[in-house]
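Engineer: Below you will find the structure I want to go over with you.
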Amino acid sequence: MATQPELTIQGWGPADPAPSSGTDGGLDGTLPKAARRYLSRELGWSPRPTRPVAVDDIQLAPSRLPDEARTRLVGLLGEDNVRTDRESRLRRAGGKSYLDLLRRREGDASDAPDAVVLPGTTEETAALLAACSELGIVVVPFGGGTSVVGGLAGVDPDDRPSIAVDLGRMASVQSLDVPSSLVTVGPGMRGPTLEQALDEKGLTFGHLPQSWEFATLGGYAATRSAGQNSTGVGRFDELVAGLTLATPSGVLELGHPPATAAGPDLLGLALGSEGTLGIITELTLRVRPKPATGTYEGWSFRSWAAGLAALQQLARHDLLPDIVRLSDADETRANLLMASGTGAKLLRGSLRARGHADGCLLLLGWEGLPAMVRAREKAAASLLRDGGAIRLGTKVAQSWKKNRFHAPYLRDRLLDGGLLVETLETAATWSALPTVYDAVRRALRDSLTREGRRPLIMSHVSHGYPTGASLYVTVLADRDDALPIQQWLTGKRAATDALLGAGGTLTHHHAVGADHRPWMEREVGPLGVEVLRAVKERLDPNGICNPGVLLPE
């Protein structure tokens, strides 16, 4: 098995597709001058170097794994698959949220595991969990390390030693049933590797979150991920036909394709469980023929309200495309300014000339058989024009498609320049979505404005349903260098209270993690939390499985 690229310890990685080359806070050569001027004006931000400490200077406490435990784990997995060296532990010290990165950039790796272990089979994983339950060692599954909600911290109320269970050895295609459109894979496999294997058979999986380069299939299942094509192909949980879950109490084989009516669907217990019940060791996924053609195009609306109304009409008539991305005016303006080149300038000039200078950009993608793509696209275009949209052609959508995985790299450069950069997301019905949008923006603006410096709040719809849509919010603000962590915690708390109060969901696709767990009871109710606790007690009686996430304290 080829070695897979790893994320950098203090950011994304392994290489920035648009590396900075200057001294202006790490942004010279990354952002066009117009974008830097815009951000400085909007945020009251002065670009300044805020580089991370050297990796060698990150503080890492000695491993607390007892010798007895290490000997036991080596006996199960082999010497090479039980690691306590500095680099192995650092590379699995938390995820990639703004708060995770702030801590490591400041030299804090207090959430690093005491050891890293690499089981290679379901049987080894089950034996590992049983041993750790007996020894009192906390276990945190580790796939790609891309969690943005504190899903990998392994916070334990009893402060027991913890290990990261790296699933990289379980990353192969185990079987491919072409007539049934099913593939069975290991949880450590990444999206690009799966797509390469399926492409040889004319198939695709088509799940493309922004973390696609690094996230693993097991991570998608544990967090109920959604991707950029999920409006068309479905969320990840809709694509799982079955899975194997190793727990401290035994192994569960869940899911019976194509369908069964034998009681409640226990597969749903594992999907979204975030490692709290055990470790997913195998997945059977639904695949599809590779699209014969794809069309990607841009449209513009004069207002956010008009764009939402048009998407609602598409949903009502079952005409939503495979890819939907409606940006509000703030995100549209920022994206056009951050795009360099003559094409971006011409597009900005064209929109001004057509009365859409403060318009909202809609990107659509259609994939499938040519005749079906043409028919769907034509029918949708008629509704979009009726809603006041103007067609922008294919270049703007092709540009987004080409660069759609670059945002996390840009975040690293913005962090270097002294900015707070973070995201949050939710979903709401079509009737509630405008209220949720207004409430979140107001909460973030009020909580993050300080001394005349205000945040830039950019939003887009990235996933449509017949009943509603997701809302993805990106926040930029001048960082409070004295209290940067508290600055975002204040904004996050205000925004979460606001979106729940307005009718939004606690999360749409980033999972609960440690960041959202204080609000979990509001989402599922007190009895719902007790049901989840009862399941965990049966499968994980000693509470070793990722105790710091999902369930409220």
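Here, A, B, ... name the chains of the structure tokens in the order displayed, residue numbers run from 1 inside each chain, and ligands are numbered from 1 in the same displayed order.
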Where does DSSP see alpha helix (DSSP H) in segment 143-320 of chain A, if you list the residues as a ChimeraX atom specification?
Structural biologist: /A:191-199,217-223,230-233,267-270,304-316
Engineer: Residues of segment 166-285 of chain A within 6 Å of segment 120-143 of chain A: nearest atom pair and distance (Å, one decimal) for each, counting only C-alpha atoms, sorted by chain and number, as CSV?
Structural biologist:
```
residue,atom,partner,partner_atom,distance
A:Asp166,CA,A:Phe142,CA,4.8
A:Leu167,CA,A:Gly143,CA,5.7
A:Arg169,CA,A:Gly120,CA,5.2
A:Met170,CA,A:Gly120,CA,5.6
A:Gly188,CA,A:Gly143,CA,5.8
A:Thr216,CA,A:Gly143,CA,5.4
A:Gly219,CA,A:Gly143,CA,5.9
A:Ala246,CA,A:Ala126,CA,5.1
A:Pro248,CA,A:Ala130,CA,4.6
A:Thr281,CA,A:Thr122,CA,5.6
```
Engineer: Save out the residues we just selected, N, CA and C atoms, as a short mmCIF file (atom, residue, chain, number, x, y, z; two decimals), in the first residue's frame.
Structural biologist:
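Result written to selection_20.cif:
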```cif
data_model
loop_
_atom_site.label_atom_id
_atom_site.label_comp_id
_atom_site.auth_asym_id
_atom_site.auth_seq_id
_atom_site.Cartn_x
_atom_site.Cartn_y
_atom_site.Cartn_z
N ASP A 166 -4.97 4.68 14.79
CA ASP A 166 -4.82 5.08 13.40
C ASP A 166 -5.29 3.92 12.51
N LEU A 167 -6.19 4.24 11.57
CA LEU A 167 -6.80 3.20 10.73
C LEU A 167 -6.13 3.08 9.36
N ARG A 169 -3.77 1.27 8.22
CA ARG A 169 -3.48 -0.07 7.71
C ARG A 169 -4.71 -0.73 7.10
N MET A 170 -5.88 -0.21 7.42
CA MET A 170 -7.13 -0.77 6.87
C MET A 170 -7.64 0.19 5.80
N GLY A 188 -9.88 3.22 6.67
CA GLY A 188 -8.77 4.16 6.51
C GLY A 188 -8.55 4.63 5.09
N THR A 216 -10.98 10.27 5.65
CA THR A 216 -11.14 8.85 5.36
C THR A 216 -12.61 8.46 5.32
N GLY A 219 -14.12 8.07 8.69
CA GLY A 219 -14.46 9.37 9.27
C GLY A 219 -15.76 9.92 8.72
N ALA A 246 -16.48 -2.60 15.60
CA ALA A 246 -15.83 -3.29 16.70
C ALA A 246 -16.03 -2.47 17.97
N PRO A 248 -15.90 -2.56 22.59
CA PRO A 248 -15.30 -3.29 23.71
C PRO A 248 -16.09 -4.53 24.12
N THR A 281 -14.71 -0.73 11.25
CA THR A 281 -13.57 -1.44 10.66
C THR A 281 -13.81 -1.88 9.22
#
```
Engineer: When you draw a straight line from atom CA of Ser462 of chain A to atom CA of Gly218 of chain A, how long is it in Å?
Structural biologist: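 Straight-line distance from atom CA of Ser462 of chain A to atom CA of Gly218 of chain A works out to 22.5 Å.
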Engineer: As a PDB file with N, CA, C and O atoms, in the first residue's frame, please: the residues near Met189 of chain A (cut-off 7 Å, only C-alpha atoms, same-chain neighbours under 3 positions excluded).
Structural biologist:
```pdb
ATOM      1  N   ALA A 171      -7.006   0.151   4.640  1.00  0.00           N
ATOM      2  CA  ALA A 171      -7.289   1.146   3.609  1.00  0.00           C
ATOM      3  C   ALA A 171      -7.350   0.540   2.222  1.00  0.00           C
ATOM      4  O   ALA A 171      -6.929   1.156   1.250  1.00  0.00           O
ATOM      5  N   SER A 172      -7.909  -0.651   2.112  1.00  0.00           N
ATOM      6  CA  SER A 172      -7.949  -1.318   0.810  1.00  0.00           C
ATOM      7  C   SER A 172      -9.378  -1.606   0.395  1.00  0.00           C
ATOM      8  O   SER A 172     -10.301  -1.618   1.207  1.00  0.00           O
ATOM      9  N   GLY A 186     -11.958  -0.707   3.548  1.00  0.00           N
ATOM     10  CA  GLY A 186     -11.493  -0.444   4.895  1.00  0.00           C
ATOM     11  C   GLY A 186     -11.740   1.002   5.277  1.00  0.00           C
ATOM     12  O   GLY A 186     -11.788   1.886   4.410  1.00  0.00           O
ATOM     13  N   THR A 193      -8.214   7.670  -3.387  1.00  0.00           N
ATOM     14  CA  THR A 193      -7.808   6.283  -3.627  1.00  0.00           C
ATOM     15  C   THR A 193      -9.001   5.441  -4.054  1.00  0.00           C
ATOM     16  O   THR A 193      -8.894   4.599  -4.962  1.00  0.00           O
ATOM     17  N   LEU A 194     -10.145   5.646  -3.404  1.00  0.00           N
ATOM     18  CA  LEU A 194     -11.339   4.899  -3.788  1.00  0.00           C
ATOM     19  C   LEU A 194     -11.762   5.256  -5.204  1.00  0.00           C
ATOM     20  O   LEU A 194     -12.092   4.369  -6.006  1.00  0.00           O
ATOM     21  N   THR A 216     -10.978  10.265   5.651  1.00  0.00           N
ATOM     22  CA  THR A 216     -11.140   8.850   5.358  1.00  0.00           C
ATOM     23  C   THR A 216     -12.614   8.464   5.324  1.00  0.00           C
ATOM     24  O   THR A 216     -13.480   9.152   5.872  1.00  0.00           O
ATOM     25  N   LEU A 217     -12.892   7.323   4.717  1.00  0.00           N
ATOM     26  CA  LEU A 217     -14.254   6.847   4.599  1.00  0.00           C
ATOM     27  C   LEU A 217     -14.848   6.509   5.970  1.00  0.00           C
ATOM     28  O   LEU A 217     -16.030   6.732   6.218  1.00  0.00           O
TER      29      LEU A 217
END
```
Engineer: Skipping near chain neighbours, those fewer than 5 positions away, what residues fall within 7 Å of Leu267 of chain A using only C-alpha atoms, listed as a short mmCIF file (atom, residue, chain, number, x, y, z; two decimals) with C-alpha atoms, in the first residue's frame?
Structural biologist:
```cif
data_model
loop_
_atom_site.label_atom_id
_atom_site.label_comp_id
_atom_site.auth_asym_id
_atom_site.auth_seq_id
_atom_site.Cartn_x
_atom_site.Cartn_y
_atom_site.Cartn_z
CA GLY A 242 -23.58 -1.82 5.72
CA LEU A 254 -24.90 -3.85 10.59
CA GLY A 255 -26.90 -3.34 7.39
#
```
Engineer: Please return as a PyMOL selection string: the residues of segment 59-238 of chain A that backbone DSSP assigns to strand (DSSP E or B).
Structural biologist: chain A and resi 59+82-83+108+115-117+138-142+162-166+173-177+182-185+190+203-204+216
Engineer: Just to be explicit: take each residue in the selection above, keep N, CA, C and O atoms, and write the result as a CSV table (one decimal), in the first residue's frame.
Structural biologist:
```csv
chain,number,residue,atom,x,y,z
A,59,GLN,N,5.2,22.0,22.9
A,59,GLN,CA,5.4,21.3,24.1
A,59,GLN,C,4.6,20.0,24.1
A,59,GLN,O,3.4,20.0,23.8
A,82,VAL,N,2.8,-0.1,17.5
A,82,VAL,CA,2.6,0.6,18.8
A,82,VAL,C,3.6,1.7,18.9
A,82,VAL,O,4.8,1.3,19.1
A,83,ARG,N,3.3,3.0,18.8
A,83,ARG,CA,4.3,4.0,18.7
A,83,ARG,C,4.1,5.1,19.8
A,83,ARG,O,2.9,5.5,20.0
A,108,ASP,N,1.1,24.4,21.9
A,108,ASP,CA,0.3,23.6,22.9
A,108,ASP,C,-0.2,22.3,22.2
A,108,ASP,O,-1.0,22.4,21.3
A,115,ALA,N,0.0,7.4,23.0
A,115,ALA,CA,0.5,6.5,22.0
A,115,ALA,C,-0.4,6.4,20.8
A,115,ALA,O,-1.5,6.9,20.8
A,116,VAL,N,0.2,5.9,19.8
A,116,VAL,CA,-0.5,5.7,18.5
A,116,VAL,C,-0.5,4.2,18.2
A,116,VAL,O,0.7,3.6,18.2
A,117,VAL,N,-1.6,3.6,17.9
A,117,VAL,CA,-1.6,2.1,17.5
A,117,VAL,C,-2.3,2.0,16.2
A,117,VAL,O,-3.1,2.8,15.8
A,138,VAL,N,-8.1,5.2,27.3
A,138,VAL,CA,-9.1,5.8,26.4
A,138,VAL,C,-8.6,5.6,25.0
A,138,VAL,O,-7.4,5.7,24.7
A,139,VAL,N,-9.6,5.4,24.1
A,139,VAL,CA,-9.3,5.1,22.7
A,139,VAL,C,-10.0,6.1,21.8
A,139,VAL,O,-11.2,6.3,21.9
A,140,VAL,N,-9.3,6.7,20.9
A,140,VAL,CA,-9.8,7.7,20.0
A,140,VAL,C,-9.5,7.3,18.5
A,140,VAL,O,-8.3,7.3,18.2
A,141,PRO,N,-10.5,6.9,17.7
A,141,PRO,CA,-10.2,6.6,16.3
A,141,PRO,C,-9.7,7.8,15.6
A,141,PRO,O,-10.1,8.9,15.7
A,142,PHE,N,-8.7,7.5,14.7
A,142,PHE,CA,-8.0,8.5,13.9
A,142,PHE,C,-8.0,8.1,12.5
A,142,PHE,O,-7.4,7.1,12.1
A,162,SER,N,-4.5,7.9,27.0
A,162,SER,CA,-5.2,7.7,25.8
A,162,SER,C,-4.3,7.3,24.7
A,162,SER,O,-3.1,7.6,24.6
A,163,ILE,N,-5.0,6.6,23.7
A,163,ILE,CA,-4.2,6.2,22.5
A,163,ILE,C,-5.1,6.6,21.3
A,163,ILE,O,-6.3,6.6,21.4
A,164,ALA,N,-4.4,7.0,20.2
A,164,ALA,CA,-5.0,7.2,19.0
A,164,ALA,C,-5.0,5.9,18.2
A,164,ALA,O,-3.9,5.4,18.0
A,165,VAL,N,-6.1,5.5,17.7
A,165,VAL,CA,-6.1,4.3,16.9
A,165,VAL,C,-6.2,4.7,15.4
A,165,VAL,O,-7.2,5.0,14.8
A,166,ASP,N,-5.0,4.7,14.8
A,166,ASP,CA,-4.8,5.1,13.4
A,166,ASP,C,-5.3,3.9,12.5
A,166,ASP,O,-4.8,2.8,12.6
A,173,VAL,N,-9.6,-1.8,-0.9
A,173,VAL,CA,-10.8,-2.3,-1.4
A,173,VAL,C,-10.9,-3.8,-1.2
A,173,VAL,O,-10.0,-4.6,-1.7
A,174,GLN,N,-11.8,-4.3,-0.4
A,174,GLN,CA,-11.9,-5.7,-0.1
A,174,GLN,C,-12.7,-6.5,-1.0
A,174,GLN,O,-12.5,-7.7,-1.3
A,175,SER,N,-13.8,-5.9,-1.6
A,175,SER,CA,-14.6,-6.5,-2.6
A,175,SER,C,-15.3,-5.5,-3.4
A,175,SER,O,-15.6,-4.4,-2.9
A,176,LEU,N,-15.6,-5.8,-4.7
A,176,LEU,CA,-16.4,-4.9,-5.6
A,176,LEU,C,-17.4,-5.8,-6.3
A,176,LEU,O,-17.1,-6.7,-7.1
A,177,ASP,N,-18.7,-5.5,-6.0
A,177,ASP,CA,-19.8,-6.2,-6.6
A,177,ASP,C,-20.4,-5.3,-7.6
A,177,ASP,O,-21.3,-4.5,-7.3
A,182,LEU,N,-22.0,-2.2,-5.4
A,182,LEU,CA,-21.6,-2.2,-4.0
A,182,LEU,C,-20.1,-2.4,-3.9
A,182,LEU,O,-19.5,-3.3,-4.7
A,183,VAL,N,-19.4,-1.7,-3.1
A,183,VAL,CA,-18.0,-1.8,-2.8
A,183,VAL,C,-17.8,-1.9,-1.3
A,183,VAL,O,-18.4,-1.2,-0.6
A,184,THR,N,-16.9,-2.8,-0.9
A,184,THR,CA,-16.6,-3.0,0.5
A,184,THR,C,-15.1,-2.6,0.7
A,184,THR,O,-14.2,-3.0,0.0
A,185,VAL,N,-14.9,-1.7,1.7
A,185,VAL,CA,-13.6,-1.0,1.8
A,185,VAL,C,-13.2,-0.9,3.3
A,185,VAL,O,-14.1,-1.1,4.2
A,190,ARG,N,-9.0,6.7,1.7
A,190,ARG,CA,-9.4,8.1,1.4
A,190,ARG,C,-10.1,8.2,0.1
A,190,ARG,O,-10.0,7.3,-0.8
A,203,LEU,N,-16.8,3.2,-12.6
A,203,LEU,CA,-17.7,3.6,-11.5
A,203,LEU,C,-17.2,4.8,-10.8
A,203,LEU,O,-16.0,5.2,-10.9
A,204,THR,N,-18.0,5.4,-9.9
A,204,THR,CA,-17.6,6.5,-9.0
A,204,THR,C,-18.4,6.4,-7.7
A,204,THR,O,-19.5,5.8,-7.7
A,216,THR,N,-11.0,10.3,5.7
A,216,THR,CA,-11.1,8.8,5.4
A,216,THR,C,-12.6,8.5,5.3
A,216,THR,O,-13.5,9.2,5.9
```
Engineer: How far is it from atom CA of Val524 of chain A to atom CA of Leu550 of chain A, in Å with one decimal?
Structural biologist: 11.3 Å
Engineer: Could you produce a table of the residues of segment 383-404 of chain A lying within 9 Å of segment 355-367 of chain A, with the nearest pair of atoms per residue and their separation in Å rounded to one decimal, using only C-alpha atoms, ordered by chain and increasing residue number, as JSON lines?
Structural biologist:
```
{"residue": "A:Val396", "atom": "CA", "partner": "A:Leu363", "partner_atom": "CA", "distance": 8.0}
{"residue": "A:Ala397", "atom": "CA", "partner": "A:Leu363", "partner_atom": "CA", "distance": 5.8}
{"residue": "A:Trp400", "atom": "CA", "partner": "A:Leu363", "partner_atom": "CA", "distance": 8.4}
```
Engineer: For a quick check of understanding, using only C-alpha atoms, which of A:Val155, A:Ala482, A:Leu76, A:Ala259 has the smallest distance to Gly513 of chain A?
Structural biologist: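 Among A:Val155, A:Ala482, A:Leu76, A:Ala259, it is A:Val155 that comes nearest to Gly513 of chain A.
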